[in-house]
Amino acid sequence: MPQPMSPHFVFDIAHLLAGAMVLISLMMLYQDRLPALIKVFALQAVALAASVAWQAYAHDAPHLYVTAGIAILFKGLVIPVALHRMVARLGIHRQVETALATGPTMLAGIGLVGLSLVVMLPVTATSDPLAREDLAFALSVVLLGFLMMVTRRNAVSQIIGFMSMENGLILAAAGAKGMPLVVEISVAFSVLIAFIILGVFLFRIRERFDTVDVDALDRFRGGRA
Amino acid sequence: MALIGDLLIQGTQMTVVLAVAPLVTGVVRKLKARLYRKRGASVLQPYRDLARLFRKEAVVAEGASWLFRAAPYLIFAATWVAAALVPTFATGLLFSWSADLIAITALLGSARFFLALAGMDVGTPFGGLGSSREMMISSLAEPAMIMLVFSLALVAGSTQLSTVAGVMLQGVGLRVSLALALIGLMIVAVAENARIPVDNPSTHLELTMVHEAMVLEYSGRHLALIELSAQLKLTLYISLIACVFVPWGLAPAGAGLTHMPLGLLAYFGKLAVGATLLALFEVSLAKMRVFRVPDFLGAALMLGLLGTLLLFVSRGL
Amino acid sequence: MADGATAAAAALGSTPTGPLSGLLFLIVAFAAIALAAPRLARRPGGSALVYGASFIAATLGLLSALAGLVCAPETLVLPLGLPWIGAHFRLDALSALFALVVNLGGAAASLYAIGYGRHEHAPERVLPFFPAFLGAMNLVLVAADAYSFLFGWELMSLASWALVIAHDKSAENLKAGFVYIVMATFGTLMLMLAFALLAGPSGAYAFADMERAPHGALVTALVLGLALVGAGSKAGLVPLHVWLPLAHPAAPSHVSALMSGVMTKVAIYGFIRIVFELAGPPDWWWGIPVLAAGGITATLGVLQAMLQADMKRVLAFSTIENIGIIFVGLGLALAFKGNGLEAAGALALTAGLFHVLNHALFKNLLFFGAGAVLNATGERSLEQLGGLIHRMPTTAAVMLVGAAAISALPPLNGFASEWLTFQAILLSPELAPWGLKLLVPAVGALLALAAALAAACFVRLYGIAFLGRPRTGAAAEAREVDRWSRGTMIGLATLCVLAGILPGPVIDALQQVVSPLMGARMPVQGDVAWLSIIPVGESRSSYNGLLVFVFILISAGLAAVLIHRFASRALRRAPAWDCGFPLNDPRTQYSASSFAQPIRRVFASGLFRAREDVTMPPPGDLSPARIRLSGDDPAWRLIYAPLTTMVDALSARANVLPHLTIRQYLGIVFSALILLLLVLAIWP
């Protein structure tokens, strides 16, 4: 550990990074085109990496650097590039179909952030102030990712929503500074595997139904039942 | 004696914003032209345009009422008063307590109210179109601005701009809510000043214009006043963002005249940076469809709301 | 009983000339005018006589109210009404403030009607009810027991109902009257229940007894709900507002002004009296329902105002918006007081009461202006107007002041009260409960949205009706209205400007009302230099309407003088440019519905299900293209439509009742009796 920094400064930077992640989640809700959405997702991964690295630095926890590295390598680079190519191959780079208009979605997003603050802050009143507000932000990111999965019809944006949820979980874990490295690596790999499976699945859906609109699946199920 | 000094500073402030406003617009235009790899007119061109317009006779449409002729003066006055109350190079202006940030926002609202009415006065389709769209934009931009003001006021414990600048100068740390407010304020500034991507200040293509459609019937001195008001408003927003988020270099209240040159220098530097950023922002974006604008401004409103919410929940955010 | 009578005599003896007796005397005078009116209506100058007498009475009422604002509270018990209660009257600062609003509005409306009423084609349908309406409102304000209060309240409802259906030729008016009377009865019922709960089993119906008696938490919670619904239905809180945009425009314009500007305030008085005073100290959560109702009302009201084409309906919906703003102020006051922040509560209550006064001023003004336009053109629809600024210069000028004031533009009065409300919101992070922490910022956003939309709404109203070119012959040949009407409107516009540039004295005067209710007051504004207002602390916030006003005047004047002197003063009239498009048909102008189109698309497509159906004829077909707009009020769709369906279904079920045998009827009666006896047996 180098110079002992003022706790205030540590606190502020950590907040700012966590807040940036919430903001980027909201930005993802606002995007209505897939390439832009993927770029914003990559940005969130960068923010996550920075946030985790800051925690590692501030709390002198070197294993968190590994987490940050994984985040930036896979979510900031590999997955976005792969998604870009996938979108280009599927030829669906034009428009995201939302089930709900942007305005109400954003409003719902704000409501979720408020809700997670209300849930988290009183419950964790006794714990470390740095951790508790970070936890509230992390919960917001998770909920916003969930909201994204609910409001989007396109399978690609649902995948992004899913991975954004996972970003929130990592943020929470880094803030709690208790998660062992093994667990983290396994989580990261499971997400990667999930991503690959979903990607393969996506192409299969398209082959079969000629669309990646998940409503098509519902219609298909409804038709059979 | 102190009163005279205060009056002097207040007078300087009013003159400076008025004198520098066309230059800011000129610089933005020049930079945009250079970024497009055009040569562009001189940065002094807005002054020449204003001088020319002021000297020309005013051509007024036959059906225009007194409101049409009075509106430019009212718009100019409201904008100028608002601009005079934002600390540019010194805080603690003599009359700064006569209107706080909410009142400054509302003063700009008054100017817009009369501009929109003037657009409808002659009874041309374009005027109505411009007014109608302007009011739609303002119906989102104004609440967004109020929410951003709330965020700032909650951090600083005051809606008084001089106090806000003083608090920011002492340092409040990096705040999530302030970051949100900064982004939101930029969006609002872009929309309120009819810049790309909300409106295009250099177009006369009927269907994309908002501000230009409203002032279509104006000419001569009336047009000059409206142009000057628009330039003042741009300067006001840059000054506002500078005063709140980069208050360094502002001469503190009662600092004496020696601090003033430094303050002025810092102010001109901030304006230059602001104009550059605006030009870069404008050339890197395309104009939006009109009905995409509500989403864009809605985002600013949401940012303001989120910032305020965070501050209500925890003063530390 | 005998005690009451002697007490009354003593009270009468002790204060024979106080402002309370003045107001009571005026109520009698209003009743006398109302009784004399049917006779006078048939005479040629009778209408002017009735309105003139009403004007004098209301002006005297105004003076009494002013006196009541500064004097100590007065009480009086008269042996009227129910024998075991007597009629209690009380004039304290709260009553006096609202009496001021009522009589100011009443005086203005009477004066305006001296000119306006000449055009009335059926004066005998209007004249008797107008003074009765004024008297009833005064009666509500001075009543100090539940019986007299409800008596006055019902009288007020009935008199205004009679005025709503005064022109009952159209089915629309009759429907408005029907919806109004149903909602009014419902509201009274709610208030009656509230009073019954407050009075308790001992039947202490005098306000003084209710205030003294301790109430359980459940009782006060119920009272809050009942008062919010009862008074809210009269004031126009969403979703109880549905009658208001039907009934207010249906009445003659001076009565519309009274209903919108004044009667809604009497409802607010009822709410304040019951919740702030009679129900005792508020719980921490009381602010929540009031704030939520206020915020939603403000936004929905102004959005719907934006979509209306009828000028008076626009104004009626805007009344709903302003009621919302007032309720936000009241809700904040309750929240602050319930959480032990009395000083902040005083600021919030002051903001609400200031807006009560302001709204009464500009809403009366705007309705008078709408009446003037109606008189001059015979049109209420914005789509048929235009260019009136040329034909009706005075009306146009005062309407401009009213429109700017209601749009909360500085330096006028609407801004002063909204600014105070915003300042109160900025104090509310001090509130500890989590629900309030989340609700208050949201309400702040709703309020800001409502203020911006109000500006859009009034740009539309003013721009379409008064600016541009006349859209019909009626608008092109409009004549300026008579001098009584103009004088009244000029007076109200002046008051709007005065209250805007000198808010300090108004705020100080309001503290007479605020401090007994909140147990705290705002800092004295009279001592502040330069007539600024400083609601909390100097470094926190301040506003000076006078200076802003003077600055704007000086800068505008300076610019005008300099330009005319040194630059150019030449002016040439030429045909409008309009990008080279020749102007011919005034129908090419933006209409009221096209002006609203962007906002309709952005805000109303989901909320009000606003739809545009465009019928575009194929190329070669010469028939005109058509656009049809549709939309509905979510309150009707979600609440009232299911309700009416349910009532219909129930009445269909009940249809079997008239066809039973006598034995079955006896059976019903018998089982009801048994049921009641069972209840009695089980009840502890």
# chains A, B, ... in the order shown; residues from 1 in each chain; ligands from 1
>>> residues_around(residues="Gly414 (chain C)", least_positions_apart="6", cutoff="6 Å", atoms="only C-alpha atoms", output="number ranges by chain")
C: 405-406, 408
>>> select_by_dssp(residues="region 575-679 of chain C", states="strand (DSSP E)", output="list in words")
Arg611, Glu612, Asp613, Val614, Thr615, Arg626, Ile627, Arg628, Leu629 and Ser630 of chain C
>>> write_last_selection(atoms="N, CA and C atoms", output="PDB file, in the first residue's frame")
ATOM      1  N   ARG C 611     -55.281   9.631 -30.138  1.00  0.00           N
ATOM      2  CA  ARG C 611     -54.993   9.031 -31.441  1.00  0.00           C
ATOM      3  C   ARG C 611     -55.317  10.021 -32.550  1.00  0.00           C
ATOM      4  N   GLU C 612     -54.603   9.896 -33.638  1.00  0.00           N
ATOM      5  CA  GLU C 612     -54.912  10.707 -34.819  1.00  0.00           C
ATOM      6  C   GLU C 612     -55.270   9.741 -35.942  1.00  0.00           C
ATOM      7  N   ASP C 613     -56.459   9.887 -36.496  1.00  0.00           N
ATOM      8  CA  ASP C 613     -56.819   9.090 -37.670  1.00  0.00           C
ATOM      9  C   ASP C 613     -56.805  10.011 -38.869  1.00  0.00           C
ATOM     10  N   VAL C 614     -55.898   9.762 -39.785  1.00  0.00           N
ATOM     11  CA  VAL C 614     -55.805  10.609 -40.967  1.00  0.00           C
ATOM     12  C   VAL C 614     -56.448   9.884 -42.133  1.00  0.00           C
ATOM     13  N   THR C 615     -57.397  10.556 -42.785  1.00  0.00           N
ATOM     14  CA  THR C 615     -57.981  10.016 -44.002  1.00  0.00           C
ATOM     15  C   THR C 615     -57.422  10.811 -45.163  1.00  0.00           C
ATOM     16  N   ARG C 626     -58.760  14.422 -44.151  1.00  0.00           N
ATOM     17  CA  ARG C 626     -59.340  14.678 -42.826  1.00  0.00           C
ATOM     18  C   ARG C 626     -58.471  14.062 -41.752  1.00  0.00           C
ATOM     19  N   ILE C 627     -58.417  14.784 -40.636  1.00  0.00           N
ATOM     20  CA  ILE C 627     -57.746  14.211 -39.473  1.00  0.00           C
ATOM     21  C   ILE C 627     -58.747  14.225 -38.330  1.00  0.00           C
ATOM     22  N   ARG C 628     -58.853  13.085 -37.671  1.00  0.00           N
ATOM     23  CA  ARG C 628     -59.796  13.026 -36.553  1.00  0.00           C
ATOM     24  C   ARG C 628     -59.005  12.698 -35.293  1.00  0.00           C
ATOM     25  N   LEU C 629     -59.201  13.506 -34.277  1.00  0.00           N
ATOM     26  CA  LEU C 629     -58.478  13.294 -33.025  1.00  0.00           C
ATOM     27  C   LEU C 629     -59.394  12.615 -32.043  1.00  0.00           C
ATOM     28  N   SER C 630     -58.842  11.676 -31.310  1.00  0.00           N
ATOM     29  CA  SER C 630     -59.653  11.079 -30.257  1.00  0.00           C
ATOM     30  C   SER C 630     -58.780  10.929 -29.021  1.00  0.00           C
TER      31      SER C 630
END
>>> closest_residue(among="C:Leu676, C:Val275, C:Val443, C:Gly61", to="Lys337 (chain C)", atoms="only C-alpha atoms")
C:Val275
>>> interface_residues(of="chain C", to="chain B", cutoff="6 Å", atoms="only C-alpha atoms", output="MDAnalysis selection string")
chainID C and resid 409 429 437 448:449 452:453 456 463 467:469 540:544 552 555:556 567:568 570:576 589:590 595 599
>>> interface_residues(of="chain C", to="chain A", cutoff="12 Å", atoms="only C-alpha atoms", output="ChimeraX atom specification")
/C:432-439,441-442,445,602-603,605-607
>>> write_last_selection(atoms="C-alpha atoms", output="PDB file, in the first residue's frame")
ATOM      1  CA  ALA C 432     -36.632  11.410   7.762  1.00  0.00           C
ATOM      2  CA  PRO C 433     -39.262   8.912   6.495  1.00  0.00           C
ATOM      3  CA  TRP C 434     -38.186   6.979   3.407  1.00  0.00           C
ATOM      4  CA  GLY C 435     -41.502   7.233   1.645  1.00  0.00           C
ATOM      5  CA  LEU C 436     -41.285  11.000   1.718  1.00  0.00           C
ATOM      6  CA  LYS C 437     -37.662  10.989   0.591  1.00  0.00           C
ATOM      7  CA  LEU C 438     -38.682   9.231  -2.591  1.00  0.00           C
ATOM      8  CA  LEU C 439     -42.002  10.966  -3.108  1.00  0.00           C
ATOM      9  CA  PRO C 441     -38.379  14.664  -5.568  1.00  0.00           C
ATOM     10  CA  ALA C 442     -40.914  12.974  -7.825  1.00  0.00           C
ATOM     11  CA  ALA C 445     -40.429  16.917 -11.016  1.00  0.00           C
ATOM     12  CA  VAL C 602     -45.151  13.005 -26.551  1.00  0.00           C
ATOM     13  CA  PHE C 603     -47.290  12.956 -23.432  1.00  0.00           C
ATOM     14  CA  SER C 605     -50.652   9.096 -26.570  1.00  0.00           C
ATOM     15  CA  GLY C 606     -50.250   6.668 -23.722  1.00  0.00           C
ATOM     16  CA  LEU C 607     -51.975   8.476 -20.906  1.00  0.00           C
TER      17      LEU C 607
END
>>> interface_residues(of="chain B", to="chain A", cutoff="7 Å", atoms="only C-alpha atoms", output="PDB file with C-alpha atoms, in the first residue's frame")
ATOM      1  CA  GLY B 173     -15.589  16.200  -3.468  1.00  0.00           C
ATOM      2  CA  LEU B 174     -16.535  14.107  -6.444  1.00  0.00           C
ATOM      3  CA  ARG B 175     -20.229  13.501  -6.310  1.00  0.00           C
ATOM      4  CA  VAL B 176     -22.277  11.096  -8.359  1.00  0.00           C
ATOM      5  CA  ASP B 295     -36.269  11.002 -25.539  1.00  0.00           C
ATOM      6  CA  GLY B 298     -36.318  13.043 -21.196  1.00  0.00           C
ATOM      7  CA  LEU B 306     -31.987  10.698 -10.297  1.00  0.00           C
TER       8      LEU B 306
END
>>> atom_distance(atom1="CA of Val81 (chain A)", atom2="CA of Ala42 (chain A)")
9.3 Å
>>> closest_residue(among="C:Ser417, C:Thr264, C:Ser428, C:Ser54", to="Trp153 (chain C)", atoms="only C-alpha atoms")
C:Thr264
>>> atom_distance(atom1="CA of Glu211 (chain C)", atom2="CA of Met518 (chain C)")
14.6 Å
>>> residues_around(residues="Pro35 (chain A)", least_positions_apart="5", cutoff="12 Å", atoms="only C-alpha atoms", output="list in words")
Met28, Val40, Phe41, Ala42, Pro80, Val81, Ala82, Leu83, His84, Arg85, Met86, Val87, Ala88, Gly91, Ile92, His93, Arg94, Gln95, Val96, Val156, Ser157 and Ile160 of chain A
>>> atom_distance(atom1="CA of Ala625 (chain C)", atom2="CA of Ser381 (chain C)")
21.5 Å
>>> select_by_dssp(residues="region 7-122 of chain B", states="helix (DSSP H, G or I)", output="MDAnalysis selection string")
chainID B and resid 7:35 45:55 66:84 96:98 101:121
>>> residues_around(residues="Ile325 (chain C)", least_positions_apart="4", cutoff="8 Å", atoms="only C-alpha atoms", output="number ranges by chain")
C: 294-295, 298, 321, 329, 352, 355, 447
>>> write_last_selection(atoms="N, CA and C atoms", output="compact mmCIF listing (two decimals), in the first residue's frame")
# COMPACT_ATOMS: atom_id res chain seq x y z
N GLY C 294 -51.74 15.85 -5.16
CA GLY C 294 -51.45 17.17 -5.71
C GLY C 294 -50.57 17.09 -6.95
N GLY C 295 -49.50 16.30 -6.87
CA GLY C 295 -48.59 16.21 -8.01
C GLY C 295 -49.27 15.65 -9.24
N ALA C 298 -51.79 18.16 -10.68
CA ALA C 298 -51.20 19.28 -11.40
C ALA C 298 -50.83 18.86 -12.82
N GLU C 321 -55.11 22.02 -12.55
CA GLU C 321 -53.65 22.05 -12.36
C GLU C 321 -53.28 22.88 -11.14
N GLY C 329 -48.42 22.23 -1.92
CA GLY C 329 -47.99 23.09 -0.82
C GLY C 329 -48.56 22.59 0.51
N GLY C 352 -48.60 27.57 -0.39
CA GLY C 352 -49.91 27.11 -0.82
C GLY C 352 -50.96 28.20 -0.74
N HIS C 355 -50.56 30.83 -3.31
CA HIS C 355 -51.05 30.40 -4.62
C HIS C 355 -52.57 30.43 -4.66
N LEU C 447 -44.21 18.90 -10.57
CA LEU C 447 -44.56 20.32 -10.47
C LEU C 447 -43.84 21.13 -11.54
>>> decode(residues="region 484-524 of chain C", atoms="N, CA and C atoms", output="CSV table (one decimal), in the first residue's frame")
chain,number,residue,atom,x,y,z
C,484,TRP,N,-67.4,48.4,-18.1
C,484,TRP,CA,-67.4,47.8,-16.8
C,484,TRP,C,-66.5,46.5,-16.8
C,485,SER,N,-66.7,45.8,-17.9
C,485,SER,CA,-65.9,44.5,-18.0
C,485,SER,C,-64.4,44.9,-18.1
C,486,ARG,N,-64.1,45.9,-18.9
C,486,ARG,CA,-62.7,46.2,-19.1
C,486,ARG,C,-62.1,46.7,-17.8
C,487,GLY,N,-62.8,47.6,-17.1
C,487,GLY,CA,-62.3,48.1,-15.9
C,487,GLY,C,-62.0,47.0,-14.9
C,488,THR,N,-62.9,46.0,-14.8
C,488,THR,CA,-62.7,44.9,-13.8
C,488,THR,C,-61.4,44.2,-14.2
C,489,MET,N,-61.3,43.9,-15.5
C,489,MET,CA,-60.1,43.1,-15.9
C,489,MET,C,-58.8,43.9,-15.7
C,490,ILE,N,-58.9,45.2,-15.9
C,490,ILE,CA,-57.6,46.0,-15.7
C,490,ILE,C,-57.3,45.9,-14.2
C,491,GLY,N,-58.3,46.1,-13.4
C,491,GLY,CA,-58.1,46.0,-11.9
C,491,GLY,C,-57.4,44.7,-11.5
C,492,LEU,N,-57.9,43.6,-12.0
C,492,LEU,CA,-57.4,42.3,-11.6
C,492,LEU,C,-56.0,42.1,-12.2
C,493,ALA,N,-55.7,42.6,-13.4
C,493,ALA,CA,-54.4,42.5,-14.0
C,493,ALA,C,-53.4,43.3,-13.1
C,494,THR,N,-53.8,44.5,-12.7
C,494,THR,CA,-52.9,45.3,-11.8
C,494,THR,C,-52.6,44.6,-10.5
C,495,LEU,N,-53.6,43.9,-10.0
C,495,LEU,CA,-53.4,43.2,-8.7
C,495,LEU,C,-52.4,42.0,-9.0
C,496,CYS,N,-52.5,41.4,-10.1
C,496,CYS,CA,-51.6,40.3,-10.5
C,496,CYS,C,-50.1,40.8,-10.5
C,497,VAL,N,-49.9,42.0,-11.1
C,497,VAL,CA,-48.6,42.6,-11.2
C,497,VAL,C,-48.1,42.9,-9.8
C,498,LEU,N,-49.0,43.6,-9.0
C,498,LEU,CA,-48.6,44.1,-7.7
C,498,LEU,C,-48.2,42.9,-6.8
C,499,ALA,N,-49.0,41.9,-6.8
C,499,ALA,CA,-48.7,40.7,-5.9
C,499,ALA,C,-47.4,40.1,-6.4
C,500,GLY,N,-47.1,40.2,-7.7
C,500,GLY,CA,-45.9,39.6,-8.2
C,500,GLY,C,-44.6,40.4,-7.8
C,501,ILE,N,-44.7,41.7,-7.9
C,501,ILE,CA,-43.5,42.5,-7.6
C,501,ILE,C,-43.4,42.8,-6.2
C,502,LEU,N,-44.4,42.7,-5.4
C,502,LEU,CA,-44.3,43.0,-4.0
C,502,LEU,C,-44.8,41.8,-3.2
C,503,PRO,N,-44.1,40.7,-3.3
C,503,PRO,CA,-44.6,39.5,-2.6
C,503,PRO,C,-44.4,39.6,-1.0
C,504,GLY,N,-43.4,40.4,-0.6
C,504,GLY,CA,-43.1,40.5,0.8
C,504,GLY,C,-44.3,40.8,1.7
C,505,PRO,N,-45.0,41.9,1.4
C,505,PRO,CA,-46.1,42.2,2.3
C,505,PRO,C,-47.2,41.1,2.3
C,506,VAL,N,-47.4,40.5,1.1
C,506,VAL,CA,-48.4,39.4,1.1
C,506,VAL,C,-48.0,38.3,2.0
C,507,ILE,N,-46.7,37.9,1.9
C,507,ILE,CA,-46.2,36.8,2.8
C,507,ILE,C,-46.4,37.2,4.2
C,508,ASP,N,-46.0,38.4,4.6
C,508,ASP,CA,-46.2,38.8,6.0
C,508,ASP,C,-47.6,38.8,6.4
C,509,ALA,N,-48.5,39.2,5.6
C,509,ALA,CA,-49.9,39.2,6.0
C,509,ALA,C,-50.4,37.7,6.1
C,510,LEU,N,-49.9,36.8,5.3
C,510,LEU,CA,-50.3,35.4,5.4
C,510,LEU,C,-49.9,34.8,6.7
C,511,GLN,N,-48.8,35.3,7.3
C,511,GLN,CA,-48.3,34.7,8.6
C,511,GLN,C,-49.4,34.7,9.7
C,512,GLN,N,-50.3,35.7,9.6
C,512,GLN,CA,-51.5,35.7,10.6
C,512,GLN,C,-52.2,34.4,10.5
C,513,VAL,N,-52.3,33.8,9.3
C,513,VAL,CA,-53.0,32.6,9.1
C,513,VAL,C,-52.1,31.4,9.5
C,514,VAL,N,-50.9,31.5,9.0
C,514,VAL,CA,-50.0,30.3,9.1
C,514,VAL,C,-49.6,30.1,10.6
C,515,SER,N,-49.3,31.1,11.3
C,515,SER,CA,-48.7,30.8,12.6
C,515,SER,C,-49.6,30.0,13.6
C,516,PRO,N,-50.9,30.4,13.7
C,516,PRO,CA,-51.7,29.5,14.5
C,516,PRO,C,-51.9,28.1,14.0
C,517,LEU,N,-51.8,27.9,12.7
C,517,LEU,CA,-52.0,26.5,12.2
C,517,LEU,C,-50.7,25.7,12.4
C,518,MET,N,-49.6,26.3,12.1
C,518,MET,CA,-48.3,25.5,12.1
C,518,MET,C,-47.6,25.7,13.5
C,519,GLY,N,-47.9,26.7,14.3
C,519,GLY,CA,-47.1,26.9,15.5
C,519,GLY,C,-45.7,27.4,15.1
C,520,ALA,N,-45.6,28.0,13.9
C,520,ALA,CA,-44.3,28.6,13.6
C,520,ALA,C,-44.6,29.6,12.4
C,521,ARG,N,-43.7,30.5,12.1
C,521,ARG,CA,-44.0,31.4,11.0
C,521,ARG,C,-42.7,31.6,10.2
C,522,MET,N,-42.9,32.2,9.0
C,522,MET,CA,-41.7,32.5,8.2
C,522,MET,C,-41.1,33.8,8.8
C,523,PRO,N,-39.8,34.0,8.5
C,523,PRO,CA,-39.2,35.2,8.9
C,523,PRO,C,-39.9,36.4,8.4
C,524,VAL,N,-39.9,37.5,9.1
C,524,VAL,CA,-40.6,38.7,8.7
C,524,VAL,C,-39.9,39.3,7.4
